[in-house]
>>> print(open('work_1.cif').read())   # mmCIF, C-alpha atoms and all ligand atoms
data_work
loop_
_atom_site.label_atom_id
_atom_site.label_comp_id
_atom_site.auth_asym_id
_atom_site.auth_seq_id
_atom_site.Cartn_x
_atom_site.Cartn_y
_atom_site.Cartn_z
CA MET Q 1347 10.62 -18.24 -1.24
CA GLY Q 1348 10.87 -21.72 0.30
CA SER Q 1349 14.12 -23.70 0.62
CA SER Q 1350 17.46 -22.37 -0.64
CA ARG Q 1351 17.16 -24.66 -3.71
CA ASN Q 1352 13.77 -23.06 -4.48
CA SER Q 1353 15.16 -19.61 -4.03
CA GLN Q 1354 17.84 -20.44 -6.60
CA ARG Q 1355 15.16 -21.63 -9.03
CA LYS Q 1356 15.45 -19.24 -11.98
CA LEU Q 1357 12.54 -16.84 -12.02
CA ARG Q 1358 10.95 -17.12 -15.44
CA LEU Q 1359 8.80 -14.16 -16.47
CA ASP Q 1360 6.13 -14.77 -19.06
CA PRO Q 1361 7.42 -13.12 -22.24
CA ASP Q 1362 3.87 -12.04 -23.03
CA LEU Q 1363 3.81 -9.92 -19.86
CA VAL Q 1364 7.13 -8.34 -20.75
CA SER Q 1365 5.92 -7.52 -24.24
CA ALA Q 1366 2.61 -6.18 -22.87
CA LEU Q 1367 4.64 -3.82 -20.66
CA ARG Q 1368 6.87 -2.91 -23.62
CA ASP Q 1369 3.79 -1.99 -25.69
CA ALA Q 1370 1.92 -0.31 -22.80
CA ARG Q 1371 1.08 3.38 -23.14
CA HIS Q 1372 -0.02 3.57 -19.48
CA VAL Q 1373 0.88 1.22 -16.62
CA CYS Q 1374 -1.04 1.43 -13.33
CA VAL Q 1375 0.55 -0.18 -10.28
CA LEU Q 1376 -1.28 -0.88 -7.00
CA THR Q 1377 0.97 -1.80 -4.08
CA GLY Q 1378 0.15 -3.22 -0.67
CA ALA Q 1379 2.03 -4.03 2.50
CA GLY Q 1380 3.89 -6.88 0.79
CA ILE Q 1381 6.18 -4.51 -1.14
CA SER Q 1382 7.41 -3.10 2.19
CA ALA Q 1383 7.81 -6.53 3.81
CA GLU Q 1384 11.38 -6.83 2.46
CA SER Q 1385 12.14 -3.48 4.09
CA GLY Q 1386 11.32 -5.06 7.43
CA VAL Q 1387 7.93 -3.39 7.78
CA PRO Q 1388 5.54 -6.19 8.83
CA THR Q 1389 2.51 -6.56 6.57
CA PHE Q 1390 -0.80 -5.30 7.88
CA ARG Q 1391 -1.89 -8.81 8.79
CA ASP Q 1392 1.43 -9.68 10.45
CA ALA Q 1393 2.04 -6.22 11.90
CA GLN Q 1394 0.78 -6.89 15.37
CA GLN Q 1395 3.78 -7.89 17.42
CA GLY Q 1396 4.51 -7.83 21.15
CA LEU Q 1397 2.10 -5.54 23.02
CA TRP Q 1398 0.04 -5.06 19.87
CA ALA Q 1399 -0.41 -8.78 19.19
CA LYS Q 1400 -3.66 -8.82 21.16
CA TYR Q 1401 -5.24 -6.13 19.01
CA ASP Q 1402 -6.94 -6.71 15.64
CA PRO Q 1403 -5.80 -3.91 13.31
CA HIS Q 1404 -9.22 -3.94 11.66
CA GLN Q 1405 -10.74 -2.99 15.00
CA LEU Q 1406 -7.98 -0.58 15.95
CA ALA Q 1407 -7.76 1.35 12.65
CA THR Q 1408 -11.24 2.83 13.08
CA PRO Q 1409 -12.68 6.21 14.15
CA GLU Q 1410 -14.65 4.40 16.87
CA ALA Q 1411 -11.46 3.02 18.45
CA PHE Q 1412 -9.85 6.48 18.27
CA GLU Q 1413 -12.82 8.22 19.85
CA GLU Q 1414 -12.99 5.58 22.58
CA ASN Q 1415 -9.26 5.58 23.38
CA PRO Q 1416 -7.18 8.21 21.56
CA GLU Q 1417 -4.20 7.58 23.87
CA LEU Q 1418 -4.05 3.91 22.80
CA LEU Q 1419 -4.31 4.83 19.12
CA TRP Q 1420 -1.52 7.38 19.42
CA ARG Q 1421 0.71 4.79 21.12
CA TRP Q 1422 0.01 2.35 18.25
CA TYR Q 1423 0.72 4.85 15.53
CA ARG Q 1424 3.86 6.21 17.24
CA TRP Q 1425 5.11 2.59 17.48
CA ARG Q 1426 4.43 2.09 13.76
CA ARG Q 1427 6.16 5.39 12.91
CA GLU Q 1428 9.27 4.17 14.76
CA LEU Q 1429 9.15 0.85 12.85
CA VAL Q 1430 8.91 2.62 9.50
CA ALA Q 1431 11.51 5.26 10.39
CA GLU Q 1432 14.05 2.41 10.81
CA ALA Q 1433 13.12 0.90 7.43
CA ASN Q 1434 14.55 1.71 4.03
CA PRO Q 1435 13.15 1.29 0.52
CA ASN Q 1436 14.01 -2.11 -0.96
CA PRO Q 1437 14.75 -3.25 -4.57
CA GLY Q 1438 11.01 -3.57 -5.19
CA HIS Q 1439 10.39 0.12 -4.43
CA LEU Q 1440 13.46 1.11 -6.46
CA ALA Q 1441 12.41 -1.02 -9.44
CA LEU Q 1442 9.14 0.94 -9.66
CA THR Q 1443 11.08 4.19 -9.92
CA GLN Q 1444 13.00 2.62 -12.85
CA LEU Q 1445 9.83 1.26 -14.44
CA ALA Q 1446 8.45 4.82 -14.50
CA GLU Q 1447 11.38 5.75 -16.78
CA LEU Q 1448 10.76 2.83 -19.13
CA VAL Q 1449 7.05 3.31 -19.94
CA PRO Q 1450 5.28 6.38 -21.39
CA ARG Q 1451 3.09 6.83 -18.31
CA LEU Q 1452 3.05 5.11 -14.91
CA THR Q 1453 0.48 5.73 -12.15
CA LEU Q 1454 1.52 4.39 -8.75
CA VAL Q 1455 -1.32 3.89 -6.27
CA THR Q 1456 -0.30 2.56 -2.85
CA GLN Q 1457 -2.37 1.27 0.02
CA ASN Q 1458 0.70 1.69 2.19
CA VAL Q 1459 0.99 4.61 4.55
CA ASP Q 1460 4.77 4.22 5.11
CA GLY Q 1461 6.05 6.73 2.53
CA LEU Q 1462 8.70 4.26 1.29
CA HIS Q 1463 7.81 4.76 -2.39
CA GLN Q 1464 8.54 8.48 -2.07
CA ARG Q 1465 11.79 7.76 -0.21
CA ALA Q 1466 12.75 5.42 -3.09
CA GLY Q 1467 12.29 8.31 -5.53
CA SER Q 1468 8.79 7.67 -6.93
CA HIS Q 1469 6.91 10.87 -7.78
CA ASP Q 1470 3.19 11.70 -7.70
CA VAL Q 1471 2.47 8.66 -5.53
CA ILE Q 1472 -1.26 8.31 -4.88
CA GLU Q 1473 -1.59 7.40 -1.20
CA PHE Q 1474 -4.97 5.68 -1.25
CA HIS Q 1475 -5.08 5.31 2.52
CA GLY Q 1476 -3.13 8.42 3.51
CA ASN Q 1477 0.22 8.80 5.19
CA LEU Q 1478 1.37 7.61 8.60
CA PHE Q 1479 3.47 10.72 9.22
CA ASP Q 1480 0.79 13.37 8.61
CA ASP Q 1481 -1.23 14.62 11.58
CA ARG Q 1482 -4.75 15.83 10.85
CA CYS Q 1483 -7.41 17.58 12.90
CA HIS Q 1484 -10.08 14.94 13.62
CA ALA Q 1485 -12.79 17.62 13.36
CA GLU Q 1486 -11.65 19.73 10.40
CA GLY Q 1487 -9.58 17.16 8.50
CA CYS Q 1488 -6.77 19.62 7.75
CA VAL Q 1489 -3.11 18.59 8.08
CA VAL Q 1490 -1.54 20.23 11.12
CA VAL Q 1491 2.20 20.71 11.57
CA HIS Q 1492 3.13 20.91 15.25
CA ASN Q 1493 5.74 19.80 17.76
CA GLN Q 1494 3.42 18.71 20.54
CA GLN Q 1495 4.66 15.70 22.52
CA ALA Q 1496 1.37 15.28 24.41
CA ALA Q 1497 -0.15 11.78 24.63
CA VAL Q 1498 -2.95 13.11 22.38
CA PRO Q 1499 -1.97 16.28 20.47
CA VAL Q 1500 -4.72 18.81 19.81
CA CYS Q 1501 -5.58 21.09 16.91
CA PRO Q 1502 -4.26 24.65 17.49
CA ASN Q 1503 -7.20 25.98 15.46
CA CYS Q 1504 -10.19 24.30 17.10
CA GLY Q 1505 -8.87 22.26 20.02
CA ALA Q 1506 -10.11 18.90 18.67
CA ASN Q 1507 -7.82 15.88 18.95
CA LEU Q 1508 -5.27 15.40 16.20
CA ARG Q 1509 -5.12 11.96 14.55
CA PRO Q 1510 -2.70 10.33 12.10
CA GLY Q 1511 -3.42 11.29 8.47
CA VAL Q 1512 -4.53 7.78 7.46
CA VAL Q 1513 -7.92 6.52 6.22
CA TRP Q 1514 -9.50 4.22 8.80
CA PHE Q 1515 -11.93 1.37 8.19
CA GLY Q 1516 -15.39 2.90 7.85
CA GLU Q 1517 -13.95 6.20 6.54
CA THR Q 1518 -14.31 7.13 2.90
CA ILE Q 1519 -11.33 7.54 0.58
CA PRO Q 1520 -10.72 11.25 -0.17
CA GLU Q 1521 -12.66 12.02 -3.36
CA ASN Q 1522 -9.71 13.34 -5.40
CA VAL Q 1523 -7.60 10.30 -4.52
CA ARG Q 1524 -10.44 7.92 -5.33
CA ASN Q 1525 -11.23 9.61 -8.66
CA GLN Q 1526 -7.56 9.76 -9.75
CA SER Q 1527 -7.03 6.08 -8.90
CA PHE Q 1528 -10.24 4.90 -10.55
CA ALA Q 1529 -9.45 6.91 -13.68
CA ALA Q 1530 -5.93 5.47 -13.90
CA ALA Q 1531 -7.20 1.90 -13.47
CA ALA Q 1532 -9.80 2.48 -16.21
CA ASP Q 1533 -7.27 4.07 -18.58
CA CYS Q 1534 -4.23 1.82 -18.17
CA SER Q 1535 -3.20 -0.89 -20.63
CA VAL Q 1536 -1.35 -2.93 -17.97
CA PHE Q 1537 -2.29 -3.14 -14.26
CA LEU Q 1538 0.21 -4.60 -11.77
CA SER Q 1539 -1.14 -5.64 -8.36
CA VAL Q 1540 1.91 -5.97 -6.12
CA GLY Q 1541 2.11 -7.28 -2.55
CA THR Q 1542 -1.52 -7.04 -1.58
CA SER Q 1543 -3.99 -9.58 -0.26
CA SER Q 1544 -6.65 -7.69 -2.25
CA LEU Q 1545 -9.12 -7.91 0.62
CA VAL Q 1546 -9.66 -4.23 1.42
CA TYR Q 1547 -12.09 -2.25 -0.71
CA PRO Q 1548 -12.38 -0.05 -2.65
CA ALA Q 1549 -8.60 -0.45 -3.29
CA ALA Q 1550 -9.07 -4.12 -4.19
CA GLY Q 1551 -11.63 -3.09 -6.80
CA LEU Q 1552 -9.07 -1.21 -8.90
CA ALA Q 1553 -7.87 -4.40 -10.60
CA ASP Q 1554 -11.48 -5.20 -11.56
CA ILE Q 1555 -11.87 -1.75 -13.10
CA ALA Q 1556 -8.70 -2.35 -15.10
CA ARG Q 1557 -9.94 -5.76 -16.27
CA GLU Q 1558 -13.34 -4.36 -17.21
CA ASN Q 1559 -11.49 -1.84 -19.38
CA CYS Q 1560 -9.51 -4.55 -21.17
CA ALA Q 1561 -6.19 -3.98 -19.42
CA ILE Q 1562 -3.73 -6.83 -18.95
CA VAL Q 1563 -3.73 -7.56 -15.21
CA ALA Q 1564 -0.82 -9.22 -13.39
CA GLU Q 1565 -0.38 -10.03 -9.71
CA ILE Q 1566 3.00 -10.29 -7.96
CA ASN Q 1567 2.74 -12.10 -4.65
CA PRO Q 1568 4.48 -15.12 -3.04
CA ASN Q 1569 1.00 -16.23 -1.94
CA PRO Q 1570 -1.45 -16.04 -4.88
CA THR Q 1571 -4.69 -14.33 -3.86
CA LEU Q 1572 -8.22 -15.52 -4.62
CA HIS Q 1573 -8.25 -13.08 -7.55
CA ALA Q 1574 -5.11 -14.53 -9.15
CA GLU Q 1575 -7.08 -16.99 -11.28
CA THR Q 1576 -9.04 -14.14 -12.86
CA TYR Q 1577 -5.89 -12.20 -13.78
CA ASP Q 1578 -3.86 -12.64 -16.96
CA PHE Q 1579 -0.68 -13.34 -14.99
CA ALA Q 1580 0.05 -14.38 -11.41
CA ILE Q 1581 3.78 -14.26 -10.68
CA VAL Q 1582 4.53 -16.19 -7.50
CA GLY Q 1583 7.44 -14.39 -5.90
CA ASN Q 1584 8.65 -11.52 -3.77
CA ALA Q 1585 8.28 -8.02 -5.12
CA GLY Q 1586 11.93 -7.29 -4.34
CA VAL Q 1587 12.95 -10.08 -6.75
CA VAL Q 1588 10.24 -10.00 -9.42
CA LEU Q 1589 10.04 -6.23 -10.04
CA PRO Q 1590 13.80 -5.81 -10.67
CA LYS Q 1591 13.61 -8.82 -13.03
CA LEU Q 1592 10.69 -7.23 -14.90
CA VAL Q 1593 12.60 -3.96 -15.23
CA GLU Q 1594 15.74 -5.81 -16.36
CA SER Q 1595 13.74 -7.68 -19.04
CA LEU Q 1596 12.16 -4.43 -20.21
CA ALA Q 1597 15.44 -2.55 -20.33
CA THR Q 1598 17.20 -5.15 -22.50
C1 LIG Q 1601 -14.69 2.79 2.47
C2 LIG Q 1601 -4.76 2.77 6.75
C3 LIG Q 1601 -16.89 3.68 2.30
C4 LIG Q 1601 -4.89 2.68 8.24
C5 LIG Q 1601 -6.09 0.92 5.89
C6 LIG Q 1601 -16.81 -3.71 0.01
C7 LIG Q 1601 -16.77 -5.05 0.38
C8 LIG Q 1601 -16.37 -5.42 1.66
C9 LIG Q 1601 -16.02 -4.45 2.61
C10 LIG Q 1601 -16.06 -3.15 2.24
C11 LIG Q 1601 -16.45 -2.76 0.96
N1 LIG Q 1601 -16.35 -1.40 0.89
C12 LIG Q 1601 -15.96 -0.92 2.07
C13 LIG Q 1601 -15.77 -1.96 2.93
C14 LIG Q 1601 -15.34 -1.85 4.31
C15 LIG Q 1601 -13.81 -1.78 4.44
C16 LIG Q 1601 -13.13 -3.06 4.01
O1 LIG Q 1601 -12.67 -3.19 2.89
N2 LIG Q 1601 -13.06 -4.01 4.92
C17 LIG Q 1601 -12.37 -5.25 4.66
C18 LIG Q 1601 -11.62 -5.68 5.91
C19 LIG Q 1601 -13.36 -6.27 4.21
N3 LIG Q 1601 -13.28 -0.67 3.67
C20 LIG Q 1601 -13.30 0.57 4.18
O2 LIG Q 1601 -13.75 0.84 5.26
C21 LIG Q 1601 -12.70 1.67 3.32
N4 LIG Q 1601 -13.62 2.78 3.29
O3 LIG Q 1601 -14.90 1.96 1.63
O4 LIG Q 1601 -15.58 3.84 2.75
C22 LIG Q 1601 -17.56 2.59 3.13
C23 LIG Q 1601 -17.36 2.53 4.51
C24 LIG Q 1601 -18.00 1.51 5.25
C25 LIG Q 1601 -18.79 0.55 4.63
C26 LIG Q 1601 -18.97 0.61 3.24
C27 LIG Q 1601 -18.35 1.63 2.48
C28 LIG Q 1601 -11.42 2.21 3.93
C29 LIG Q 1601 -10.41 1.12 4.11
C30 LIG Q 1601 -9.07 1.75 4.55
C31 LIG Q 1601 -8.54 1.05 5.76
N5 LIG Q 1601 -7.19 1.58 6.07
N6 LIG Q 1601 -4.87 1.45 6.15
C32 LIG Q 1601 -3.65 2.11 8.89
O5 LIG Q 1601 -2.74 1.65 8.18
O6 LIG Q 1601 -3.59 2.14 10.14
S1 LIG Q 1601 -6.20 -0.62 5.25
C33 LIG Q 1601 -4.74 -1.43 5.46
O7 LIG Q 1601 -5.04 -2.79 5.35
C34 LIG Q 1601 -3.73 -1.19 4.38
O8 LIG Q 1601 -3.70 0.14 3.96
C35 LIG Q 1601 -4.14 -2.13 3.29
O9 LIG Q 1601 -5.07 -1.55 2.44
C36 LIG Q 1601 -4.81 -3.21 4.05
C37 LIG Q 1601 -3.90 -4.41 4.18
O10 LIG Q 1601 -3.88 -4.96 2.95
P1 LIG Q 1601 -2.49 -5.31 2.25
O11 LIG Q 1601 -1.75 -4.07 1.97
O12 LIG Q 1601 -2.84 -6.19 1.14
O13 LIG Q 1601 -1.65 -6.08 3.33
P2 LIG Q 1601 -1.91 -7.55 3.86
O14 LIG Q 1601 -1.11 -7.70 5.08
O15 LIG Q 1601 -3.38 -7.83 3.86
O16 LIG Q 1601 -1.31 -8.49 2.70
C38 LIG Q 1601 0.05 -8.42 2.38
C39 LIG Q 1601 0.24 -9.23 1.12
O17 LIG Q 1601 1.60 -9.13 0.73
C40 LIG Q 1601 -0.07 -10.70 1.28
O18 LIG Q 1601 -0.88 -11.14 0.23
C41 LIG Q 1601 1.30 -11.36 1.21
O19 LIG Q 1601 1.25 -12.63 0.60
C42 LIG Q 1601 2.06 -10.40 0.35
N7 LIG Q 1601 3.50 -10.40 0.53
C43 LIG Q 1601 4.20 -10.68 1.65
N8 LIG Q 1601 5.53 -10.51 1.40
C44 LIG Q 1601 5.63 -10.11 0.10
C45 LIG Q 1601 4.35 -10.02 -0.45
N9 LIG Q 1601 4.12 -9.64 -1.71
C46 LIG Q 1601 5.20 -9.35 -2.48
N10 LIG Q 1601 6.47 -9.40 -2.02
C47 LIG Q 1601 6.72 -9.77 -0.75
N11 LIG Q 1601 8.00 -9.84 -0.31
#
>>> encode(input="work_1.cif", output="structure tokens", more="lines below")
Ligand code: BV8
Amino acid sequence: MGSSRNSQRKLRLDPDLVSALRDARHVCVLTGAGISAESGVPTFRDAQQGLWAKYDPHQLATPEAFEENPELLWRWYRWRRELVAEANPNPGHLALTQLAELVPRLTLVTQNVDGLHQRAGSHDVIEFHGNLFDDRCHAEGCVVVHNQQAAVPVCPNCGANLRPGVVWFGETIPENVRNQSFAAAADCSVFLSVGTSSLVYPAAGLADIARENCAIVAEINPNPTLHAETYDFAIVGNAGVVLPKLVESLAT
């Protein structure tokens, strides 16, 4: 948020956005890595630190990389699990649990795999790209609960390698998740895009679906994205500051 003076600059929310939320019958929220940044979880683009700095996550988070070097992928995901396990939900996550109490219907779709929305108390979270802490059989796709410590755990049913329960680049979004998310974006009256660079599809297309269905679309991001100019509102700020302010304005 820039210098201390800037950070003390009063955040002014557009009253039209607050009234649109007040009148909304259905709010759809899409979150990205930015909402977890204030929990200390590096965003997807900044995530690569130390040993991982030399790897491009777009190359690593793929079935090809897993099939070529499952040991490396498991080291990467175990490192990310440790990072997330040390993190806690922040005021941005908590504000979304409060927003759900203030509007008739809220659908929360997250691109994040960190589970922080659920730990904040959000229910029925749609995990568009899966969950970091699930293990799935790479052959059958089923979630497998196990206590294997092997470098590459294997499926007790078929012997194939287990992999983290996330959606990799080049893999399709599970149909039920995709349909639920698309339907919510098409049905909502207000769509909030929070903490995402809006570069990864089809998640980034949800805001377009909302706009095409005459929803009010607002972005919350300290770095406005290329889409910001096409949205009704672009609030330049951190989710952990803006979302609590939105909830406070709604609740008064
Ligand atoms: C698919 C899980 C069918 C894994 C992830 C159409 C056009 C172009 C390309 C495609 C297309 N359709 C499909 C593709 C290919 C590809 C894609 O989109 N590629 C991109 C790179 C161009 N998509 C797919 O492969 C998808 N599958 O469509 O299947 C298909 C397949 C092949 C070809 C055609 C069709 C599956 C994609 C799923 C990938 N899996 N995650 C894992 O985590 O290991 S994606 C991963 O990266 C995240 O989940 C997230 O979605 C994405 C990162 O995005 P963000 O969350 O936005 O994070 P980022 O770091 O980018 O930005 C953070 C933002 O926060 C910034 O803007 C920053 O300013 C802001 N911020 C920072 N601090 C704060 C903040 N905001 C608020 N408050 C703060 N404090």
>>> atom_distance(input="work_1.cif", atom1="atom C5 of ligand LIG 1601 (chain Q)", atom2="CA of Val1491 (chain Q)")
22.2 Å
>>> residues_around(input="work_1.cif", residues="Val1582 (chain Q)", least_positions_apart="5", cutoff="10 Å", atoms="all atoms listed in the file", output="PyMOL selection string")
chain Q and resi 1347+1357+1565-1570+1574+1588
>>> axis_aligned_box(input="work_1.cif", around="ligand LIG 1601 (chain Q)", padding_each_side="5 Å", output="JSON")
{"center_x": -5.5, "center_y": -4.4, "center_z": 3.8, "size_x": 37.0, "size_y": 26.5, "size_z": 22.6}
>>> closest_residue(input="work_1.cif", among="Q:Arg1424, Q:Lys1400, Q:Arg1451, Q:His1463", to="Ser1385 (chain Q)", atoms="all atoms listed in the file")
Q:His1463
>>> atom_distance(input="work_1.cif", atom1="CA of Gly1551 (chain Q)", atom2="atom C46 of ligand LIG 1601 (chain Q)")
18.5 Å
>>> residues_near_point(input="work_1.cif", point="(0.2, 2.8, -6.0)", cutoff="7 Å", atoms="all atoms listed in the file", output="PyMOL selection string")
chain Q and resi 1375-1377+1453-1457+1471-1473
>>> residues_near_point(input="work_1.cif", point="(7.5, -6.0, -19.6)", cutoff="8 Å", atoms="all atoms listed in the file", output="PDB file with C-alpha atoms, keeping the file's coordinate frame")
ATOM      1  CA  PRO Q1361       7.420 -13.120 -22.240  1.00  0.00           C
ATOM      2  CA  ASP Q1362       3.870 -12.040 -23.030  1.00  0.00           C
ATOM      3  CA  LEU Q1363       3.810  -9.920 -19.860  1.00  0.00           C
ATOM      4  CA  VAL Q1364       7.130  -8.340 -20.750  1.00  0.00           C
ATOM      5  CA  SER Q1365       5.920  -7.520 -24.240  1.00  0.00           C
ATOM      6  CA  ALA Q1366       2.610  -6.180 -22.870  1.00  0.00           C
ATOM      7  CA  LEU Q1367       4.640  -3.820 -20.660  1.00  0.00           C
ATOM      8  CA  ARG Q1368       6.870  -2.910 -23.620  1.00  0.00           C
ATOM      9  CA  LEU Q1592      10.690  -7.230 -14.900  1.00  0.00           C
ATOM     10  CA  VAL Q1593      12.600  -3.960 -15.230  1.00  0.00           C
ATOM     11  CA  SER Q1595      13.740  -7.680 -19.040  1.00  0.00           C
ATOM     12  CA  LEU Q1596      12.160  -4.430 -20.210  1.00  0.00           C
TER      13      LEU Q1596
END
>>> atom_distance(input="work_1.cif", atom1="CA of Ala1411 (chain Q)", atom2="CA of Ile1381 (chain Q)")
27.4 Å
>>> closest_residue(input="work_1.cif", among="Q:Arg1371, Q:Arg1557, Q:Arg1358, Q:Arg1427", to="ligand LIG 1601 (chain Q)", atoms="only C-alpha atoms and all ligand atoms")
Q:Arg1427
>>> closest_residue(input="work_1.cif", among="Q:Asn1522, Q:Gln1444, Q:Asn1458, Q:Gln1464", to="ligand LIG 1601 (chain Q)", atoms="only C-alpha atoms and all ligand atoms")
Q:Asn1458
>>> closest_residue(input="work_1.cif", among="Q:Arg1421, Q:His1439, Q:Arg1426, Q:Arg1509", to="His1469 (chain Q)", atoms="only C-alpha atoms")
Q:His1439
>>> closest_residue(input="work_1.cif", among="Q:Thr1571, Q:Thr1518, Q:Ser1543, Q:Asn1436", to="Gly1386 (chain Q)", atoms="only C-alpha atoms")
Q:Asn1436
>>> residues_around(input="work_1.cif", residues="Leu1545 (chain Q)", least_positions_apart="6", cutoff="12 Å", atoms="all atoms listed in the file", output="PyMOL selection string")
chain Q and resi 1378-1379+1390-1391+1404+1457+1551-1553+1571-1573
>>> build_atoms(input="work_1.cif", residues="region 1406-1421 of chain Q", atoms="N, CA, C and O atoms", output="short mmCIF file (atom, residue, chain, number, x, y, z; two decimals), in the frame of the given file")
data_model
loop_
_atom_site.label_atom_id
_atom_site.label_comp_id
_atom_site.auth_asym_id
_atom_site.auth_seq_id
_atom_site.Cartn_x
_atom_site.Cartn_y
_atom_site.Cartn_z
N LEU Q 1406 -8.74 -1.72 15.42
CA LEU Q 1406 -7.98 -0.58 15.95
C LEU Q 1406 -7.98 0.59 14.97
O LEU Q 1406 -8.14 1.74 15.38
N ALA Q 1407 -7.83 0.29 13.68
CA ALA Q 1407 -7.76 1.35 12.65
C ALA Q 1407 -9.15 1.82 12.28
O ALA Q 1407 -9.61 1.69 11.13
N THR Q 1408 -9.87 2.34 13.31
CA THR Q 1408 -11.24 2.83 13.08
C THR Q 1408 -11.47 4.12 13.86
O THR Q 1408 -10.85 4.33 14.93
N PRO Q 1409 -12.39 4.99 13.39
CA PRO Q 1409 -12.68 6.21 14.15
C PRO Q 1409 -13.28 5.89 15.52
O PRO Q 1409 -13.04 6.59 16.51
N GLU Q 1410 -14.03 4.78 15.58
CA GLU Q 1410 -14.65 4.40 16.87
C GLU Q 1410 -13.57 4.12 17.91
O GLU Q 1410 -13.65 4.58 19.06
N ALA Q 1411 -12.54 3.36 17.50
CA ALA Q 1411 -11.46 3.02 18.45
C ALA Q 1411 -10.74 4.30 18.88
O ALA Q 1411 -10.40 4.48 20.06
N PHE Q 1412 -10.54 5.22 17.94
CA PHE Q 1412 -9.85 6.48 18.27
C PHE Q 1412 -10.68 7.30 19.25
O PHE Q 1412 -10.16 7.83 20.24
N GLU Q 1413 -11.97 7.41 18.98
CA GLU Q 1413 -12.82 8.22 19.85
C GLU Q 1413 -12.94 7.58 21.24
O GLU Q 1413 -13.03 8.28 22.24
N GLU Q 1414 -12.87 6.27 21.28
CA GLU Q 1414 -12.99 5.58 22.58
C GLU Q 1414 -11.69 5.68 23.38
O GLU Q 1414 -11.71 5.87 24.59
N ASN Q 1415 -10.54 5.60 22.66
CA ASN Q 1415 -9.26 5.58 23.38
C ASN Q 1415 -8.15 6.21 22.55
O ASN Q 1415 -7.29 5.51 22.00
N PRO Q 1416 -8.18 7.53 22.41
CA PRO Q 1416 -7.18 8.21 21.56
C PRO Q 1416 -5.75 7.97 22.04
O PRO Q 1416 -4.84 7.87 21.21
N GLU Q 1417 -5.57 7.80 23.36
CA GLU Q 1417 -4.20 7.58 23.87
C GLU Q 1417 -3.63 6.28 23.31
O GLU Q 1417 -2.50 6.22 22.85
N LEU Q 1418 -4.50 5.22 23.31
CA LEU Q 1418 -4.05 3.91 22.80
C LEU Q 1418 -3.70 4.02 21.32
O LEU Q 1418 -2.66 3.53 20.87
N LEU Q 1419 -4.58 4.71 20.57
CA LEU Q 1419 -4.31 4.83 19.12
C LEU Q 1419 -3.00 5.57 18.87
O LEU Q 1419 -2.20 5.16 18.03
N TRP Q 1420 -2.77 6.64 19.64
CA TRP Q 1420 -1.52 7.38 19.42
C TRP Q 1420 -0.30 6.54 19.77
O TRP Q 1420 0.72 6.60 19.10
N ARG Q 1421 -0.44 5.66 20.79
CA ARG Q 1421 0.71 4.79 21.12
C ARG Q 1421 0.98 3.83 19.96
O ARG Q 1421 2.10 3.59 19.55
#
